[in-house]
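Structure file target.cif with mmCIF, C-alpha atoms (C1' of nucleotides):
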```cif
data_start
#
loop_
_atom_site.label_atom_id
_atom_site.label_comp_id
_atom_site.auth_asym_id
_atom_site.auth_seq_id
_atom_site.Cartn_x
_atom_site.Cartn_y
_atom_site.Cartn_z
CA MET B 1 0.00 0.00 0.00
CA ALA B 2 1.32 3.41 -0.94
CA GLY B 3 1.36 6.27 1.52
CA ALA B 4 -1.79 8.34 1.85
CA GLY B 5 0.20 11.52 1.34
CA GLU B 6 1.00 10.66 -2.21
CA LEU B 7 -2.62 9.99 -2.97
CA ASP B 8 -3.69 13.29 -1.48
CA GLU B 9 -1.13 15.06 -3.55
CA LEU B 10 -2.45 13.49 -6.74
CA VAL B 11 -6.02 14.23 -5.76
CA ASP B 12 -5.12 17.85 -5.15
CA ARG B 13 -3.45 18.08 -8.51
CA LEU B 14 -6.58 16.72 -10.13
CA ARG B 15 -8.76 19.22 -8.34
CA ALA B 16 -6.40 22.05 -9.21
CA LEU B 17 -6.86 21.10 -12.85
CA GLY B 18 -10.57 21.70 -12.49
CA GLU B 19 -11.56 18.05 -12.57
CA ARG B 20 -13.99 16.53 -10.13
CA VAL B 21 -12.62 14.23 -7.50
CA THR B 22 -14.83 11.19 -7.20
CA THR B 23 -14.52 7.95 -5.31
CA ALA B 24 -13.77 6.03 -8.47
CA ARG B 25 -11.01 8.42 -9.48
CA ARG B 26 -9.47 8.27 -6.05
CA LEU B 27 -9.49 4.50 -6.26
CA VAL B 28 -7.89 4.45 -9.70
CA LEU B 29 -5.16 6.80 -8.55
CA GLY B 30 -4.65 4.67 -5.47
CA ALA B 31 -4.35 1.52 -7.55
CA LEU B 32 -1.86 3.24 -9.84
CA LEU B 33 0.17 4.28 -6.82
CA ASP B 34 0.12 0.76 -5.44
CA ALA B 35 1.32 -0.54 -8.78
CA GLY B 36 4.44 1.54 -8.27
CA HIS B 37 6.41 1.65 -11.45
CA ASP B 38 4.86 -1.47 -12.89
CA HIS B 39 2.83 -1.00 -16.01
CA THR B 40 -0.71 -2.15 -15.44
CA SER B 41 -3.62 -2.72 -17.77
CA ALA B 42 -7.07 -1.26 -17.23
CA GLU B 43 -8.33 -4.71 -16.38
CA GLN B 44 -5.65 -5.28 -13.76
CA LEU B 45 -6.44 -1.97 -12.13
CA ALA B 46 -10.14 -2.77 -12.14
CA GLY B 47 -9.38 -6.13 -10.55
CA VAL B 48 -7.41 -4.58 -7.72
CA ILE B 49 -10.05 -1.95 -7.10
CA GLN B 50 -12.91 -4.41 -7.22
CA ARG B 51 -11.45 -6.49 -4.43
CA ASP B 52 -12.61 -3.78 -2.05
CA HIS B 53 -15.12 -1.97 -4.21
CA PRO B 54 -16.92 -4.46 -6.45
CA ASP B 55 -19.23 -1.78 -7.73
CA VAL B 56 -16.56 0.10 -9.65
CA ASN B 57 -17.02 -0.67 -13.28
CA LEU B 58 -14.36 -1.41 -15.85
CA SER B 59 -15.80 1.29 -18.11
CA THR B 60 -15.19 3.81 -15.38
CA VAL B 61 -11.58 2.71 -15.06
CA TYR B 62 -11.13 3.25 -18.79
CA ARG B 63 -12.83 6.62 -18.64
CA THR B 64 -10.77 7.67 -15.66
CA LEU B 65 -7.54 6.58 -17.31
CA ASP B 66 -8.46 8.57 -20.39
CA LEU B 67 -9.08 11.60 -18.23
CA LEU B 68 -5.87 11.18 -16.27
CA GLU B 69 -3.94 10.83 -19.49
CA SER B 70 -5.54 13.90 -21.00
CA VAL B 71 -4.47 16.01 -18.03
CA GLY B 72 -1.00 14.54 -18.07
CA LEU B 73 -1.05 12.57 -14.82
CA VAL B 74 -0.86 9.21 -16.56
CA ILE B 75 0.70 7.94 -19.71
CA ARG B 76 -0.23 4.91 -21.68
CA ALA B 77 2.32 2.57 -23.17
CA GLY B 78 0.81 0.87 -26.17
CA LEU B 79 2.70 -2.38 -26.40
CA GLY B 80 2.53 -4.62 -29.41
CA THR B 81 -0.44 -6.51 -30.72
CA GLY B 82 -2.30 -8.87 -28.48
CA ALA B 83 -1.20 -7.30 -25.23
CA ALA B 84 -3.55 -4.84 -23.62
CA THR B 85 -2.57 -1.20 -23.30
CA THR B 86 -0.81 -0.46 -20.04
CA TYR B 87 -0.82 2.69 -17.96
CA HIS B 88 1.24 4.24 -15.23
CA LEU B 89 1.58 7.47 -13.32
CA VAL B 90 3.85 10.18 -14.63
CA ASP B 91 5.66 10.37 -11.35
CA ARG B 92 9.06 10.91 -12.82
CA PRO B 93 10.04 10.97 -16.47
CA HIS B 94 11.53 7.81 -17.83
CA HIS B 95 11.49 5.71 -20.96
CA HIS B 96 10.41 2.21 -21.84
CA ALA B 97 12.23 -0.67 -23.36
CA VAL B 98 9.86 -3.51 -24.19
CA CYS B 99 11.31 -6.98 -24.68
CA ASP B 100 9.99 -8.89 -27.68
CA GLY B 101 10.70 -12.15 -25.96
CA CYS B 102 9.12 -11.94 -22.54
CA GLY B 103 7.15 -8.72 -22.79
CA ALA B 104 9.03 -7.25 -19.87
CA VAL B 105 8.97 -3.49 -19.66
CA ILE B 106 12.27 -2.02 -18.56
CA ASP B 107 12.40 1.52 -17.32
CA LEU B 108 15.32 3.53 -18.52
CA PRO B 109 16.70 6.65 -16.88
CA ALA B 110 15.22 9.90 -18.07
CA GLY B 111 18.42 11.31 -19.44
CA ALA B 112 19.17 8.49 -21.82
CA PHE B 113 17.54 10.10 -24.79
CA ASP B 114 18.24 13.74 -24.07
CA ALA B 115 20.73 14.17 -26.87
CA VAL B 116 18.44 12.53 -29.40
CA VAL B 117 15.43 14.51 -28.29
CA ARG B 118 17.29 17.78 -28.67
CA ARG B 119 18.48 16.80 -32.09
CA LEU B 120 14.98 15.88 -33.24
CA GLU B 121 13.72 19.22 -32.12
CA ARG B 122 16.46 20.99 -33.99
CA GLU B 123 16.45 19.00 -37.21
CA HIS B 124 12.84 17.89 -37.58
CA GLY B 125 10.79 20.33 -35.53
CA PHE B 126 9.43 17.36 -33.67
CA ALA B 127 8.78 17.85 -29.96
CA ALA B 128 9.11 14.44 -28.39
CA ARG B 129 7.24 13.84 -25.18
CA PRO B 130 10.17 13.35 -22.87
CA SER B 131 8.25 10.90 -20.71
CA HIS B 132 7.12 8.65 -23.48
CA LEU B 133 9.67 6.94 -25.60
CA THR B 134 9.31 3.28 -26.37
CA LEU B 135 11.77 0.99 -27.97
CA THR B 136 11.66 -2.73 -28.57
CA GLY B 137 14.34 -5.36 -28.54
CA ARG B 138 15.64 -8.19 -26.42
CA CYS B 139 16.38 -7.92 -22.76
CA ALA B 140 19.45 -9.50 -21.23
CA ASP B 141 17.50 -12.54 -19.99
CA CYS B 142 15.97 -13.40 -23.36
CA ARG B 143 19.08 -13.17 -25.48
CA MET M 1 2.69 0.78 -58.76
CA ALA M 2 6.08 -0.43 -57.61
CA GLY M 3 8.51 -2.03 -59.97
CA ALA M 4 8.13 -5.75 -60.61
CA GLY M 5 11.78 -6.31 -59.84
CA GLU M 6 11.35 -5.35 -56.24
CA LEU M 7 8.48 -7.76 -55.85
CA ASP M 8 10.48 -10.58 -57.38
CA GLU M 9 13.31 -9.86 -55.03
CA LEU M 10 11.01 -10.07 -52.01
CA VAL M 11 9.41 -13.25 -53.32
CA ASP M 12 12.82 -14.80 -53.78
CA ARG M 13 13.80 -13.87 -50.27
CA LEU M 14 10.65 -15.51 -48.98
CA ARG M 15 11.35 -18.66 -50.93
CA ALA M 16 14.95 -18.71 -49.78
CA LEU M 17 13.65 -18.68 -46.22
CA GLY M 18 11.81 -21.91 -46.92
CA GLU M 19 8.35 -20.35 -47.03
CA ARG M 20 5.84 -21.13 -49.73
CA VAL M 21 5.11 -18.43 -52.23
CA THR M 22 1.39 -18.19 -52.81
CA THR M 23 -0.77 -15.78 -54.72
CA ALA M 24 -2.02 -14.17 -51.55
CA ARG M 25 1.48 -13.63 -50.23
CA ARG M 26 2.60 -12.14 -53.50
CA LEU M 27 -0.34 -9.77 -53.36
CA VAL M 28 0.38 -8.71 -49.80
CA LEU M 29 3.99 -8.03 -50.64
CA GLY M 30 2.90 -6.10 -53.69
CA ALA M 31 0.52 -4.00 -51.65
CA LEU M 32 3.23 -3.30 -49.10
CA LEU M 33 5.56 -2.21 -51.89
CA ASP M 34 2.91 0.07 -53.34
CA ALA M 35 2.42 1.60 -49.94
CA GLY M 36 6.02 2.72 -50.11
CA HIS M 37 7.12 4.00 -46.76
CA ASP M 38 3.62 4.67 -45.57
CA HIS M 39 2.46 2.63 -42.63
CA THR M 40 -0.61 0.66 -43.56
CA SER M 41 -3.05 -1.36 -41.52
CA ALA M 42 -4.06 -4.90 -42.36
CA GLU M 43 -7.45 -3.63 -43.39
CA GLN M 44 -6.00 -1.04 -45.75
CA LEU M 45 -3.83 -3.65 -47.38
CA ALA M 46 -6.78 -6.01 -47.74
CA GLY M 47 -8.79 -3.19 -49.31
CA VAL M 48 -6.13 -2.49 -51.91
CA ILE M 49 -5.72 -6.15 -52.72
CA GLN M 50 -9.43 -6.80 -52.91
CA ARG M 51 -9.91 -4.18 -55.58
CA ASP M 52 -8.35 -6.65 -58.01
CA HIS M 53 -8.73 -9.87 -56.07
CA PRO M 54 -11.94 -9.80 -54.06
CA ASP M 55 -11.44 -13.37 -52.95
CA VAL M 56 -8.43 -12.61 -50.77
CA ASN M 57 -9.60 -12.68 -47.19
CA LEU M 58 -8.68 -10.31 -44.41
CA SER M 59 -7.68 -13.28 -42.26
CA THR M 60 -5.14 -14.23 -44.85
CA VAL M 61 -3.68 -10.75 -44.84
CA TYR M 62 -3.27 -10.97 -41.08
CA ARG M 63 -1.72 -14.42 -41.32
CA THR M 64 0.61 -13.31 -44.07
CA LEU M 65 1.69 -10.24 -42.15
CA ASP M 66 2.40 -12.41 -39.13
CA LEU M 67 4.51 -14.67 -41.28
CA LEU M 68 6.36 -11.81 -42.90
CA GLU M 69 7.05 -10.29 -39.53
CA SER M 70 8.31 -13.57 -38.11
CA VAL M 71 10.84 -13.90 -40.91
CA GLY M 72 11.88 -10.29 -40.59
CA LEU M 73 10.58 -8.89 -43.86
CA VAL M 74 7.99 -6.72 -42.19
CA ILE M 75 7.75 -4.88 -38.93
CA ARG M 76 4.67 -3.82 -37.13
CA ALA M 77 4.37 -0.43 -35.49
CA GLY M 78 1.86 -0.67 -32.69
CA LEU M 79 0.54 2.81 -32.39
CA GLY M 80 -1.59 3.96 -29.51
CA THR M 81 -5.01 2.74 -28.52
CA GLY M 82 -7.82 2.95 -31.00
CA ALA M 83 -5.68 2.96 -34.08
CA ALA M 84 -5.09 -0.35 -35.75
CA THR M 85 -1.62 -1.83 -35.87
CA THR M 86 0.30 -0.75 -38.95
CA TYR M 87 2.88 -2.63 -40.94
CA HIS M 88 5.57 -1.85 -43.42
CA LEU M 89 8.43 -3.53 -45.22
CA VAL M 90 11.85 -3.58 -43.64
CA ASP M 91 13.42 -2.10 -46.71
CA ARG M 92 15.87 0.02 -44.87
CA PRO M 93 16.27 0.61 -41.17
CA HIS M 94 14.64 3.70 -39.78
CA HIS M 95 12.71 4.86 -36.74
CA HIS M 96 9.28 6.23 -36.10
CA ALA M 97 8.07 9.41 -34.54
CA VAL M 98 4.32 9.36 -34.05
CA CYS M 99 2.51 12.63 -33.59
CA ASP M 100 -0.06 12.72 -30.79
CA GLY M 101 -1.99 15.40 -32.57
CA CYS M 102 -2.53 14.19 -36.10
CA GLY M 103 -1.28 10.62 -35.87
CA ALA M 104 1.27 11.26 -38.57
CA VAL M 105 4.17 8.84 -38.63
CA ILE M 106 7.47 10.49 -39.38
CA ASP M 107 10.39 8.38 -40.48
CA LEU M 108 13.68 9.30 -38.93
CA PRO M 109 17.08 8.46 -40.31
CA ALA M 110 18.60 5.22 -39.14
CA GLY M 111 21.56 6.76 -37.40
CA ALA M 112 19.61 9.05 -35.09
CA PHE M 113 19.59 6.63 -32.20
CA ASP M 114 22.92 4.92 -32.68
CA ALA M 115 24.55 6.45 -29.64
CA VAL M 116 21.61 5.60 -27.40
CA VAL M 117 21.37 2.06 -28.71
CA ARG M 118 25.01 1.42 -28.01
CA ARG M 119 24.69 2.82 -24.54
CA LEU M 120 21.67 0.65 -23.75
CA GLU M 121 23.58 -2.38 -24.84
CA ARG M 122 26.52 -1.47 -22.66
CA GLU M 123 24.66 -0.35 -19.55
CA HIS M 124 21.49 -2.46 -19.55
CA GLY M 125 22.30 -5.50 -21.69
CA PHE M 126 19.30 -4.57 -23.79
CA ALA M 127 19.61 -5.24 -27.51
CA ALA M 128 17.30 -2.76 -29.19
CA ARG M 129 15.97 -3.71 -32.57
CA PRO M 130 17.63 -1.05 -34.68
CA SER M 131 14.72 -0.92 -37.10
CA HIS M 132 12.03 -0.44 -34.56
CA LEU M 133 12.13 2.52 -32.26
CA THR M 134 9.02 4.53 -31.67
CA LEU M 135 8.67 7.83 -29.95
CA THR M 136 5.68 10.06 -29.52
CA GLY M 137 5.32 13.79 -29.41
CA ARG M 138 4.13 16.68 -31.51
CA CYS M 139 5.13 17.25 -35.08
CA ALA M 140 5.95 20.70 -36.38
CA ASP M 141 2.49 21.18 -37.90
CA CYS M 142 0.58 20.37 -34.74
CA ARG M 143 2.50 22.54 -32.34
"C1'" DT W 1 1.52 -36.00 -62.98
"C1'" DC W 2 0.56 -37.32 -58.27
"C1'" DC W 3 1.10 -36.59 -53.07
"C1'" DT W 4 1.43 -34.29 -49.00
"C1'" DG W 5 1.39 -30.83 -45.89
"C1'" DG W 6 1.13 -26.01 -45.65
"C1'" DT W 7 -2.30 -22.31 -46.94
"C1'" DT W 8 -6.74 -20.19 -47.76
"C1'" DG W 9 -11.66 -18.59 -47.48
"C1'" DC W 10 -15.26 -18.43 -44.60
"C1'" DG W 11 -17.71 -17.74 -40.57
"C1'" DA W 12 -17.68 -17.23 -35.89
"C1'" DA W 13 -15.46 -16.35 -31.67
"C1'" DG W 14 -12.50 -13.63 -28.70
"C1'" DA W 15 -10.30 -9.72 -26.42
"C1'" DG W 16 -10.04 -5.03 -25.47
"C1'" DT W 17 -12.29 -0.75 -25.61
"C1'" DT W 18 -16.06 2.54 -26.30
"C1'" DC W 19 -20.82 4.31 -26.07
"C1'" DG W 20 -25.70 5.59 -24.57
"C1'" DC W 21 -28.67 6.05 -21.09
"C1'" DA W 22 -30.86 6.78 -16.63
"C1'" DG W 23 -29.76 7.37 -11.96
"C1'" DA W 24 -26.24 9.05 -8.54
"C1'" DA W 25 -22.92 12.18 -6.81
"C1'" DG W 26 -19.67 16.33 -6.74
"C1'" DC W 27 -19.32 21.02 -6.11
"C1'" DA W 28 -20.72 25.97 -5.88
"C1'" DA W 29 -24.11 29.13 -4.46
"C1'" DG W 30 -27.64 30.57 -1.38
"C1'" DC A 1 -27.46 22.52 5.38
"C1'" DT A 2 -30.09 22.58 1.27
"C1'" DT A 3 -30.66 23.31 -3.54
"C1'" DG A 4 -29.63 22.87 -8.30
"C1'" DC A 5 -26.79 22.30 -12.10
"C1'" DT A 6 -23.42 19.55 -14.18
"C1'" DT A 7 -20.67 15.83 -14.50
"C1'" DC A 8 -19.81 11.11 -13.45
"C1'" DT A 9 -20.99 6.25 -12.91
"C1'" DG A 10 -22.91 1.50 -13.48
"C1'" DC A 11 -24.76 -1.36 -16.59
"C1'" DG A 12 -25.10 -3.56 -20.75
"C1'" DA A 13 -24.70 -3.64 -25.45
"C1'" DA A 14 -22.09 -2.51 -29.38
"C1'" DC A 15 -17.90 -2.00 -31.89
"C1'" DT A 16 -13.27 -2.79 -33.78
"C1'" DC A 17 -9.42 -5.35 -34.47
"C1'" DT A 18 -7.53 -9.81 -34.44
"C1'" DT A 19 -7.48 -14.81 -34.05
"C1'" DC A 20 -9.24 -19.58 -34.68
"C1'" DG A 21 -11.27 -24.00 -36.55
"C1'" DC A 22 -12.38 -26.46 -40.36
"C1'" DA A 23 -12.80 -28.27 -44.98
"C1'" DA A 24 -11.27 -27.28 -49.57
"C1'" DC A 25 -7.32 -25.91 -52.11
"C1'" DC A 26 -2.76 -25.40 -54.01
"C1'" DA A 27 2.63 -25.01 -54.06
"C1'" DG A 28 6.48 -27.60 -54.53
"C1'" DG A 29 8.97 -31.98 -54.47
"C1'" DA A 30 9.15 -36.95 -56.13
#
```
In structure tokens, how does this file's structure come out?
Amino acid sequence: MAGAGELDELVDRLRALGERVTTARRLVLGALLDAGHDHTSAEQLAGVIQRDHPDVNLSTVYRTLDLLESVGLVIRAGLGTGAATTYHLVDRPHHHAVCDGCGAVIDLPAGAFDAVVRRLEREHGFAARPSHLTLTGRCADCR
Amino acid sequence: MAGAGELDELVDRLRALGERVTTARRLVLGALLDAGHDHTSAEQLAGVIQRDHPDVNLSTVYRTLDLLESVGLVIRAGLGTGAATTYHLVDRPHHHAVCDGCGAVIDLPAGAFDAVVRRLEREHGFAARPSHLTLTGRCADCR
DNA sequence: TCCTGGTTGCGAAGAGTTCGCAGAAGCAAG
DNA sequence: CTTGCTTCTGCGAACTCTTCGCAACCAGGA
């Protein structure tokens, strides 16, 4: 279980953005906090929430995740085909390396792509979202 | 329409890999060639093919794309939620920048990520597929 | 040309996600 | 605290994209 302080902070941010704070949204944020830096699917989040609150619907989790993404509190990492979309809090910027073999998602330090991002900006006018870079390959275990 | 020579070359590569060359596979490869460097969905490809060959089924296009991906002739770029998975030939290595705003896929030169890829290998033991890096952000037009 | 196993078309199933609606709940004002 | 407007939620159905099973078919080797 994550500390209550963190949840309150997220809730306050949501309110400050002019969004309503509802029970369902609090629960989704709480579940995302509990997930730590793991990448969880909407269904997984709903499962966790429904252990204590069976009346929270999967649709609501999807809608809440959409909202949280639109205000920048959450990002979605669209993995390859078959796998469901996963979400996690934008607590600190980092990047994803997804292993083709085992599907593992490896978090990479935020600075890894800085040079590339700057170059893209300069040469292509493309503003990369610094917290959302995904690359695929093979992790050390699967090679 | 792409040159016939290119198609023959792809067909030969497929045969050399021990895979059967069927009409449907030839058509899928042809459609991928015609698409050039655009990223096309299975449905788009099926549509193009079915203009001349209405009897080619969407299932077959999916199965063929899976095959082509498994032998390394095609890569799939799983864009965000909602959008269908897109595919394109691995004609030359390059990377993708996907715009959040308009969904445009920008091809980036192969070398852009070389330094990062090498560093990932060294520091994380992660072997990135050099032909499949995706990053999201905002293109020049959408900013 | 004949055989054999991989491939295809077809239809249906499956997973993940979205939508519409009526009732419930958040939040601001009184 | 109560009221009232607006947004949110639960529910269920619909939708899209993708996969599967099966019988007929065909590519490639003998």
What are the residues of chain B that have an atom within 10 Å of an atom of chain A, counting only C-alpha atoms (C1' of nucleotides), as an NGL selection string?
:B and (19-22 or 24 or 55-60 or 63-64 or 81-82)
Would you save the residues of that selection, restricted to C-alpha atoms, as a PDB file, in the coordinates of the input?
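Okay, selection_32.pdb is ready:
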```pdb
ATOM      1  CA  GLU B  19     -11.560  18.050 -12.570  1.00  0.00           C
ATOM      2  CA  ARG B  20     -13.990  16.530 -10.130  1.00  0.00           C
ATOM      3  CA  VAL B  21     -12.620  14.230  -7.500  1.00  0.00           C
ATOM      4  CA  THR B  22     -14.830  11.190  -7.200  1.00  0.00           C
ATOM      5  CA  ALA B  24     -13.770   6.030  -8.470  1.00  0.00           C
ATOM      6  CA  ASP B  55     -19.230  -1.780  -7.730  1.00  0.00           C
ATOM      7  CA  VAL B  56     -16.560   0.100  -9.650  1.00  0.00           C
ATOM      8  CA  ASN B  57     -17.020  -0.670 -13.280  1.00  0.00           C
ATOM      9  CA  LEU B  58     -14.360  -1.410 -15.850  1.00  0.00           C
ATOM     10  CA  SER B  59     -15.800   1.290 -18.110  1.00  0.00           C
ATOM     11  CA  THR B  60     -15.190   3.810 -15.380  1.00  0.00           C
ATOM     12  CA  ARG B  63     -12.830   6.620 -18.640  1.00  0.00           C
ATOM     13  CA  THR B  64     -10.770   7.670 -15.660  1.00  0.00           C
ATOM     14  CA  THR B  81      -0.440  -6.510 -30.720  1.00  0.00           C
ATOM     15  CA  GLY B  82      -2.300  -8.870 -28.480  1.00  0.00           C
TER      16      GLY B  82
END
```
How many Å separate atom CA of M:Arg138 from atom CA of B:Ala77?
16.5 Å
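Using all atoms listed in the file, one finds that the residues of chain W close to chain M, at 9 Å or less, are DG6, DT7, DT8, DG9, DC10 and DT17 of chain W.
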Quick check, in Å to one decimal: how far apart do atom CA of M:Phe126 and atom CA of B:Asp114 lie?
18.3 Å
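As for atom CA of M:Leu67 and atom CA of B:Thr86, they are spaced 26.1 Å apart.
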Given the point (14.0, 19.4, -35.1) in the coordinates of this file, which residues lie within 12 Å, counting all atoms listed in the file, and how would they look as a PyMOL selection string?
(chain B and resi 115-128) or (chain M and resi 97+106+108+112+137-141)
Between B:His39, B:Arg25, B:Arg76, B:Arg51, which one has atoms that come closest to chain M, using all atoms listed in the file?
B:Arg76
Apply the PyMOL selection byres ((chain B and resi 9-17) around 9) to the structure shown and report the selected residues as a ChimeraX atom specification.
/B:4-8,18-21,25-26,29,68,71,73
